[in-house]
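The structure appears right after this line, and notes come after that.
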Amino acid sequence: MKHVLLTIAASCLLGCAPTPTQDNNSAEQANTASADHVSGRYQVFALNEVALTPSANGLPEVTIEDGRLHLQSQCIFHDWEFSRDGETVRTGSWDYGDEAVGMCARGLTETEQTSITVLSEVDRIIRVAGGYYLSGPAGNIQLQTIPDPAEVAARDVDLRGHWSVRSLDGADLPYSIELQANFDEIWWNPGCAGQGRQYAIDGSAFSTVPPPDGAREVCAIGYPEELPRIWQVMDQAETIVSRRDGVVVISGPDGTVGLVPAPAPIQD
């Protein structure tokens, strides 16, 4: 598994700051965050602020379910007891009891070992663009949601990946605005700036949905002045289509946004 360092902007991709500050307002949000269900299937996206480059065997996956945290990396796995109260989480040793336990006899990769070490001591979880950011004394780990393949197939346009905003309301932009999307969120990097939207696609129908209660800005940074207008258009959008020239157009009664595929951020 190969680790790569990100550029300054991309290194903040999902979590940005390992220990975001928390004021009174965010403390209130943390209390409401307990209603935000974190159960689901995720892929390990970054470890200790370093994004992971997928190998031929893919990246480790993490499943969160009621009372249990499960890490799976090919035939390597690890489980923990898992509890959560708002942003506070705790992991403990998992009792396999009479469960059949079988794991391949090989050494752990660096990514696997670091993931296990970090997850064993996480004490905080934050909802960020694209998934969740977990941190603790041993470091931090960023998780991205893994969608159901059938749901992906039901979409006329798969928006997952890196994009450049080429046009806004039919006019070309003077410079590139880079966005990134996973299955249900699209955002401007760094994701900790809070500039993004959750979205849904059904066939060619496009819509945005209210952000989760637990999501918030965890870093202060300037952003392109066109971004508020881009989100405004998306909030009113009704359709998404991929043209023959490769431009993806999101449109509605309030305007249009034209996107073109963009390369992933340069990694050193």
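Going through the structure tokens in order, the chains are called A, B, and so on, while each chain numbers its residues from 1 and the ligands are numbered from 1 in the order shown.
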
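Counting only C-alpha atoms, Ser242 in chain A has the following residues at most 9 Å away, ignoring those fewer than 4 positions along the same chain: Asp156, Val157, Gly246, Val247, Val248 and Val249 of chain A.
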
Which neighbours of Pro137 in chain A fall inside 7 Å, counting only C-alpha atoms, when residues of the same chain fewer than 2 positions from it are skipped, and could you give them as a PDB file with all heavy atoms, in the first residue's frame?
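Output file result_14.pdb is given in full below:
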ATOM      1  N   GLU A 121      -7.815   3.442  19.530  1.00  0.00           N
ATOM      2  CA  GLU A 121      -7.775   4.502  20.533  1.00  0.00           C
ATOM      3  C   GLU A 121      -8.592   5.738  20.151  1.00  0.00           C
ATOM      4  O   GLU A 121      -8.457   6.774  20.787  1.00  0.00           O
ATOM      5  CB  GLU A 121      -6.326   4.924  20.773  1.00  0.00           C
ATOM      6  CG  GLU A 121      -5.449   3.831  21.340  1.00  0.00           C
ATOM      7  CD  GLU A 121      -4.084   4.328  21.770  1.00  0.00           C
ATOM      8  OE1 GLU A 121      -4.011   5.451  22.324  1.00  0.00           O
ATOM      9  OE2 GLU A 121      -3.086   3.629  21.536  1.00  0.00           O
ATOM     10  N   VAL A 122      -9.456   5.643  19.134  1.00  0.00           N
ATOM     11  CA  VAL A 122     -10.226   6.825  18.756  1.00  0.00           C
ATOM     12  C   VAL A 122     -11.176   7.216  19.890  1.00  0.00           C
ATOM     13  O   VAL A 122     -11.733   6.359  20.580  1.00  0.00           O
ATOM     14  CB  VAL A 122     -11.027   6.599  17.451  1.00  0.00           C
ATOM     15  CG1 VAL A 122     -10.092   6.447  16.264  1.00  0.00           C
ATOM     16  CG2 VAL A 122     -11.963   5.394  17.565  1.00  0.00           C
ATOM     17  N   GLY A 139      -3.738   8.996  16.625  1.00  0.00           N
ATOM     18  CA  GLY A 139      -3.785   9.593  15.295  1.00  0.00           C
ATOM     19  C   GLY A 139      -5.209   9.786  14.819  1.00  0.00           C
ATOM     20  O   GLY A 139      -6.167   9.832  15.605  1.00  0.00           O
TER      21      GLY A 139
END

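Closest approach to Val165 in chain A among A:Phe183, A:Trp80, A:Phe45, A:Trp231 is made by A:Trp231 (distances from only C-alpha atoms).
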
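Near Val62 in chain A, within a cut-off of 10 Å and counting only C-alpha atoms, sit the residues A:Gly40, A:Arg41, A:Tyr42, A:Gln43, A:Val44, A:Leu69, A:His70, A:Leu71, A:Gln72, A:Ser73, A:Phe77, A:His78, A:Asp79, A:Ser115, A:Leu119, A:Leu143, A:Gln144, A:Thr145, A:Ile146, with same-chain residues fewer than 6 positions away left out.
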
Based on the selection just made, write N, CA, C and O atoms of those residues as a PDB file, in the first residue's frame.
ATOM      1  N   GLY A  40     -22.907   2.040   8.818  1.00  0.00           N
ATOM      2  CA  GLY A  40     -22.738   1.949   7.377  1.00  0.00           C
ATOM      3  C   GLY A  40     -21.407   1.347   7.008  1.00  0.00           C
ATOM      4  O   GLY A  40     -20.617   0.932   7.866  1.00  0.00           O
ATOM      5  N   ARG A  41     -21.161   1.285   5.700  1.00  0.00           N
ATOM      6  CA  ARG A  41     -19.931   0.742   5.152  1.00  0.00           C
ATOM      7  C   ARG A  41     -19.084   1.853   4.603  1.00  0.00           C
ATOM      8  O   ARG A  41     -19.565   2.710   3.865  1.00  0.00           O
ATOM      9  N   TYR A  42     -17.802   1.858   4.961  1.00  0.00           N
ATOM     10  CA  TYR A  42     -16.910   2.950   4.576  1.00  0.00           C
ATOM     11  C   TYR A  42     -15.573   2.405   4.081  1.00  0.00           C
ATOM     12  O   TYR A  42     -15.184   1.281   4.396  1.00  0.00           O
ATOM     13  N   GLN A  43     -14.882   3.247   3.327  1.00  0.00           N
ATOM     14  CA  GLN A  43     -13.533   2.938   2.884  1.00  0.00           C
ATOM     15  C   GLN A  43     -12.555   3.864   3.590  1.00  0.00           C
ATOM     16  O   GLN A  43     -12.842   5.045   3.786  1.00  0.00           O
ATOM     17  N   VAL A  44     -11.424   3.331   4.002  1.00  0.00           N
ATOM     18  CA  VAL A  44     -10.391   4.162   4.619  1.00  0.00           C
ATOM     19  C   VAL A  44      -9.794   5.055   3.534  1.00  0.00           C
ATOM     20  O   VAL A  44      -9.228   4.557   2.555  1.00  0.00           O
ATOM     21  N   LEU A  69     -17.432  -2.167  15.667  1.00  0.00           N
ATOM     22  CA  LEU A  69     -16.624  -1.525  14.638  1.00  0.00           C
ATOM     23  C   LEU A  69     -15.768  -2.619  14.009  1.00  0.00           C
ATOM     24  O   LEU A  69     -15.048  -3.339  14.706  1.00  0.00           O
ATOM     25  N   HIS A  70     -15.862  -2.762  12.680  1.00  0.00           N
ATOM     26  CA  HIS A  70     -15.188  -3.866  11.993  1.00  0.00           C
ATOM     27  C   HIS A  70     -14.294  -3.322  10.889  1.00  0.00           C
ATOM     28  O   HIS A  70     -14.739  -2.560  10.029  1.00  0.00           O
ATOM     29  N   LEU A  71     -13.023  -3.705  10.903  1.00  0.00           N
ATOM     30  CA  LEU A  71     -12.068  -3.366   9.859  1.00  0.00           C
ATOM     31  C   LEU A  71     -11.797  -4.610   9.025  1.00  0.00           C
ATOM     32  O   LEU A  71     -11.521  -5.683   9.565  1.00  0.00           O
ATOM     33  N   GLN A  72     -11.908  -4.469   7.693  1.00  0.00           N
ATOM     34  CA  GLN A  72     -11.653  -5.585   6.795  1.00  0.00           C
ATOM     35  C   GLN A  72     -10.685  -5.143   5.709  1.00  0.00           C
ATOM     36  O   GLN A  72     -10.908  -4.135   5.037  1.00  0.00           O
ATOM     37  N   SER A  73      -9.597  -5.885   5.529  1.00  0.00           N
ATOM     38  CA  SER A  73      -8.618  -5.605   4.483  1.00  0.00           C
ATOM     39  C   SER A  73      -8.217  -6.939   3.870  1.00  0.00           C
ATOM     40  O   SER A  73      -7.371  -7.647   4.420  1.00  0.00           O
ATOM     41  N   PHE A  77      -8.687  -8.842   9.295  1.00  0.00           N
ATOM     42  CA  PHE A  77      -9.791  -8.104   9.907  1.00  0.00           C
ATOM     43  C   PHE A  77      -9.500  -7.857  11.379  1.00  0.00           C
ATOM     44  O   PHE A  77      -8.623  -8.471  11.983  1.00  0.00           O
ATOM     45  N   HIS A  78     -10.266  -6.931  11.931  1.00  0.00           N
ATOM     46  CA  HIS A  78     -10.149  -6.629  13.358  1.00  0.00           C
ATOM     47  C   HIS A  78     -11.483  -6.055  13.801  1.00  0.00           C
ATOM     48  O   HIS A  78     -12.134  -5.319  13.049  1.00  0.00           O
ATOM     49  N   ASP A  79     -11.902  -6.369  15.032  1.00  0.00           N
ATOM     50  CA  ASP A  79     -13.174  -5.883  15.565  1.00  0.00           C
ATOM     51  C   ASP A  79     -12.983  -5.235  16.923  1.00  0.00           C
ATOM     52  O   ASP A  79     -12.094  -5.619  17.699  1.00  0.00           O
ATOM     53  N   SER A 115      -4.065   1.573  10.670  1.00  0.00           N
ATOM     54  CA  SER A 115      -5.523   1.647  10.831  1.00  0.00           C
ATOM     55  C   SER A 115      -5.958   1.000  12.139  1.00  0.00           C
ATOM     56  O   SER A 115      -6.780   1.547  12.887  1.00  0.00           O
ATOM     57  N   LEU A 119      -7.664   3.119  15.196  1.00  0.00           N
ATOM     58  CA  LEU A 119      -9.039   2.793  15.570  1.00  0.00           C
ATOM     59  C   LEU A 119      -9.128   2.253  16.994  1.00  0.00           C
ATOM     60  O   LEU A 119     -10.159   2.396  17.655  1.00  0.00           O
ATOM     61  N   LEU A 143     -12.874   8.341   6.751  1.00  0.00           N
ATOM     62  CA  LEU A 143     -13.662   7.302   6.100  1.00  0.00           C
ATOM     63  C   LEU A 143     -14.599   7.913   5.075  1.00  0.00           C
ATOM     64  O   LEU A 143     -15.214   8.956   5.323  1.00  0.00           O
ATOM     65  N   GLN A 144     -14.726   7.239   3.921  1.00  0.00           N
ATOM     66  CA  GLN A 144     -15.681   7.648   2.901  1.00  0.00           C
ATOM     67  C   GLN A 144     -16.748   6.577   2.745  1.00  0.00           C
ATOM     68  O   GLN A 144     -16.466   5.377   2.806  1.00  0.00           O
ATOM     69  N   THR A 145     -17.977   7.025   2.509  1.00  0.00           N
ATOM     70  CA  THR A 145     -19.104   6.110   2.349  1.00  0.00           C
ATOM     71  C   THR A 145     -18.928   5.247   1.101  1.00  0.00           C
ATOM     72  O   THR A 145     -18.494   5.721   0.056  1.00  0.00           O
ATOM     73  N   ILE A 146     -19.276   3.969   1.193  1.00  0.00           N
ATOM     74  CA  ILE A 146     -19.286   3.060   0.045  1.00  0.00           C
ATOM     75  C   ILE A 146     -20.747   2.839  -0.355  1.00  0.00           C
ATOM     76  O   ILE A 146     -21.540   2.321   0.429  1.00  0.00           O
TER      77      ILE A 146
END

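Considering only C-alpha atoms, the residue among A:Leu259, A:Ile116, A:Met234, A:Ile126 positioned nearest to Gln180 in chain A is A:Leu259.
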
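In the backbone-derived DSSP annotation, alpha helix (DSSP H) within range 72-233 of chain A comprises Glu110, Thr111, Glu112, Gln113, Thr114, Ser115, Ile116, Thr117, Val118, Leu119, Ser120, Pro149, Ala150, Glu151, Val152, Ala153, Leu227, Pro228, Arg229, Ile230, Trp231, Gln232 and Val233 of chain A.
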
Restrict the selected residues to N, CA and C atoms and save them as a PDB file, in the first residue's frame.
ATOM      1  N   GLU A 110       1.623  -1.708   6.266  1.00  0.00           N
ATOM      2  CA  GLU A 110       1.718  -0.498   7.076  1.00  0.00           C
ATOM      3  C   GLU A 110       0.353   0.152   7.250  1.00  0.00           C
ATOM      4  N   THR A 111      -0.436   0.175   6.174  1.00  0.00           N
ATOM      5  CA  THR A 111      -1.772   0.773   6.252  1.00  0.00           C
ATOM      6  C   THR A 111      -2.655   0.003   7.211  1.00  0.00           C
ATOM      7  N   GLU A 112      -2.614  -1.317   7.159  1.00  0.00           N
ATOM      8  CA  GLU A 112      -3.429  -2.138   8.056  1.00  0.00           C
ATOM      9  C   GLU A 112      -3.025  -1.929   9.502  1.00  0.00           C
ATOM     10  N   GLN A 113      -1.722  -1.948   9.765  1.00  0.00           N
ATOM     11  CA  GLN A 113      -1.256  -1.790  11.141  1.00  0.00           C
ATOM     12  C   GLN A 113      -1.620  -0.418  11.692  1.00  0.00           C
ATOM     13  N   THR A 114      -1.431   0.629  10.869  1.00  0.00           N
ATOM     14  CA  THR A 114      -1.754   1.985  11.332  1.00  0.00           C
ATOM     15  C   THR A 114      -3.248   2.130  11.565  1.00  0.00           C
ATOM     16  N   SER A 115      -4.065   1.573  10.670  1.00  0.00           N
ATOM     17  CA  SER A 115      -5.523   1.647  10.831  1.00  0.00           C
ATOM     18  C   SER A 115      -5.958   1.000  12.139  1.00  0.00           C
ATOM     19  N   ILE A 116      -5.414  -0.167  12.434  1.00  0.00           N
ATOM     20  CA  ILE A 116      -5.760  -0.873  13.667  1.00  0.00           C
ATOM     21  C   ILE A 116      -5.320  -0.068  14.884  1.00  0.00           C
ATOM     22  N   THR A 117      -4.115   0.478  14.835  1.00  0.00           N
ATOM     23  CA  THR A 117      -3.598   1.260  15.959  1.00  0.00           C
ATOM     24  C   THR A 117      -4.457   2.487  16.221  1.00  0.00           C
ATOM     25  N   VAL A 118      -4.802   3.204  15.160  1.00  0.00           N
ATOM     26  CA  VAL A 118      -5.608   4.422  15.318  1.00  0.00           C
ATOM     27  C   VAL A 118      -7.007   4.097  15.818  1.00  0.00           C
ATOM     28  N   LEU A 119      -7.664   3.119  15.196  1.00  0.00           N
ATOM     29  CA  LEU A 119      -9.039   2.793  15.570  1.00  0.00           C
ATOM     30  C   LEU A 119      -9.128   2.253  16.994  1.00  0.00           C
ATOM     31  N   SER A 120      -8.061   1.653  17.478  1.00  0.00           N
ATOM     32  CA  SER A 120      -8.073   1.105  18.842  1.00  0.00           C
ATOM     33  C   SER A 120      -8.172   2.197  19.898  1.00  0.00           C
ATOM     34  N   PRO A 149     -23.909  -0.806  -5.180  1.00  0.00           N
ATOM     35  CA  PRO A 149     -23.725  -0.796  -6.640  1.00  0.00           C
ATOM     36  C   PRO A 149     -25.025  -0.605  -7.422  1.00  0.00           C
ATOM     37  N   ALA A 150     -26.131  -1.151  -6.905  1.00  0.00           N
ATOM     38  CA  ALA A 150     -27.412  -0.995  -7.602  1.00  0.00           C
ATOM     39  C   ALA A 150     -27.850   0.465  -7.627  1.00  0.00           C
ATOM     40  N   GLU A 151     -27.544   1.202  -6.568  1.00  0.00           N
ATOM     41  CA  GLU A 151     -27.903   2.611  -6.532  1.00  0.00           C
ATOM     42  C   GLU A 151     -27.056   3.417  -7.513  1.00  0.00           C
ATOM     43  N   VAL A 152     -25.791   3.023  -7.658  1.00  0.00           N
ATOM     44  CA  VAL A 152     -24.924   3.691  -8.635  1.00  0.00           C
ATOM     45  C   VAL A 152     -25.446   3.443 -10.044  1.00  0.00           C
ATOM     46  N   ALA A 153     -25.840   2.200 -10.339  1.00  0.00           N
ATOM     47  CA  ALA A 153     -26.313   1.838 -11.666  1.00  0.00           C
ATOM     48  C   ALA A 153     -27.607   2.546 -12.041  1.00  0.00           C
ATOM     49  N   LEU A 227     -18.534  30.321  -5.491  1.00  0.00           N
ATOM     50  CA  LEU A 227     -19.075  29.129  -4.838  1.00  0.00           C
ATOM     51  C   LEU A 227     -20.502  29.298  -4.324  1.00  0.00           C
ATOM     52  N   PRO A 228     -20.845  30.399  -3.632  1.00  0.00           N
ATOM     53  CA  PRO A 228     -22.233  30.524  -3.174  1.00  0.00           C
ATOM     54  C   PRO A 228     -23.246  30.432  -4.318  1.00  0.00           C
ATOM     55  N   ARG A 229     -22.894  31.005  -5.481  1.00  0.00           N
ATOM     56  CA  ARG A 229     -23.798  30.932  -6.633  1.00  0.00           C
ATOM     57  C   ARG A 229     -23.887  29.499  -7.157  1.00  0.00           C
ATOM     58  N   ILE A 230     -22.774  28.782  -7.159  1.00  0.00           N
ATOM     59  CA  ILE A 230     -22.784  27.392  -7.602  1.00  0.00           C
ATOM     60  C   ILE A 230     -23.723  26.562  -6.733  1.00  0.00           C
ATOM     61  N   TRP A 231     -23.633  26.741  -5.417  1.00  0.00           N
ATOM     62  CA  TRP A 231     -24.518  25.991  -4.519  1.00  0.00           C
ATOM     63  C   TRP A 231     -25.964  26.436  -4.690  1.00  0.00           C
ATOM     64  N   GLN A 232     -26.179  27.719  -4.935  1.00  0.00           N
ATOM     65  CA  GLN A 232     -27.547  28.223  -5.140  1.00  0.00           C
ATOM     66  C   GLN A 232     -28.187  27.545  -6.355  1.00  0.00           C
ATOM     67  N   VAL A 233     -27.418  27.430  -7.443  1.00  0.00           N
ATOM     68  CA  VAL A 233     -27.936  26.770  -8.643  1.00  0.00           C
ATOM     69  C   VAL A 233     -28.238  25.310  -8.352  1.00  0.00           C
TER      70      VAL A 233
END

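What separates CA of Leu179 in chain A from CA of Ile250 in chain A is a distance of 13.7 Å.
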
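Summary of the local environment: counting only C-alpha atoms, residues at most 7 Å from Arg90 in chain A, other than itself and those fewer than 5 positions away along its chain, are A:Phe82, A:Ser83, A:Arg84, A:Val122, A:Asp123.
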
All strand (DSSP E or B) positions in range 121-186 of chain A, as a ChimeraX atom specification: /A:124-128,131-136,139-145,155,161-168,171-181,185-186

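Between CA of Arg197 in chain A and CA of Val209 in chain A the interatomic distance comes to 7.4 Å.
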
Need to verify the contact set: Ser167 in chain A, 7 Å, only C-alpha atoms, exclusion of same-chain residues closer than 4 positions in sequence. Can you return it as a tab-separated table (two decimals) with C-alpha atoms, in the first residue's frame?
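This went into selection_25.tsv:
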chain	number	residue	atom	x	y	z
A	171	ALA	CA	-20.68	31.65	-19.12
A	172	ASP	CA	-17.16	30.23	-18.94
A	173	LEU	CA	-15.35	30.92	-15.67
A	257	VAL	CA	-23.46	24.56	-13.68
A	258	GLY	CA	-21.15	22.88	-16.20

For Gly222 in chain A, the nearest of the candidates A:Gly86, A:Gly196, A:Pro190, A:Pro174, counting only C-alpha atoms: A:Pro190

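Interatomic distance, CA of Val50 in chain A against CA of Ser135 in chain A: 13.6 Å.
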
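For Ile141 in chain A, the non-local neighbours within 6 Å, defined as residues at least 3 positions apart in the same chain or in other chains and counting only C-alpha atoms, are Ala46, Leu47, Tyr133 and Leu134 of chain A.
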
Exercise: Arg160 in chain A partners within 9 Å, only C-alpha atoms, chain neighbours under 6 positions left out, as number ranges by chain: A: 180-186
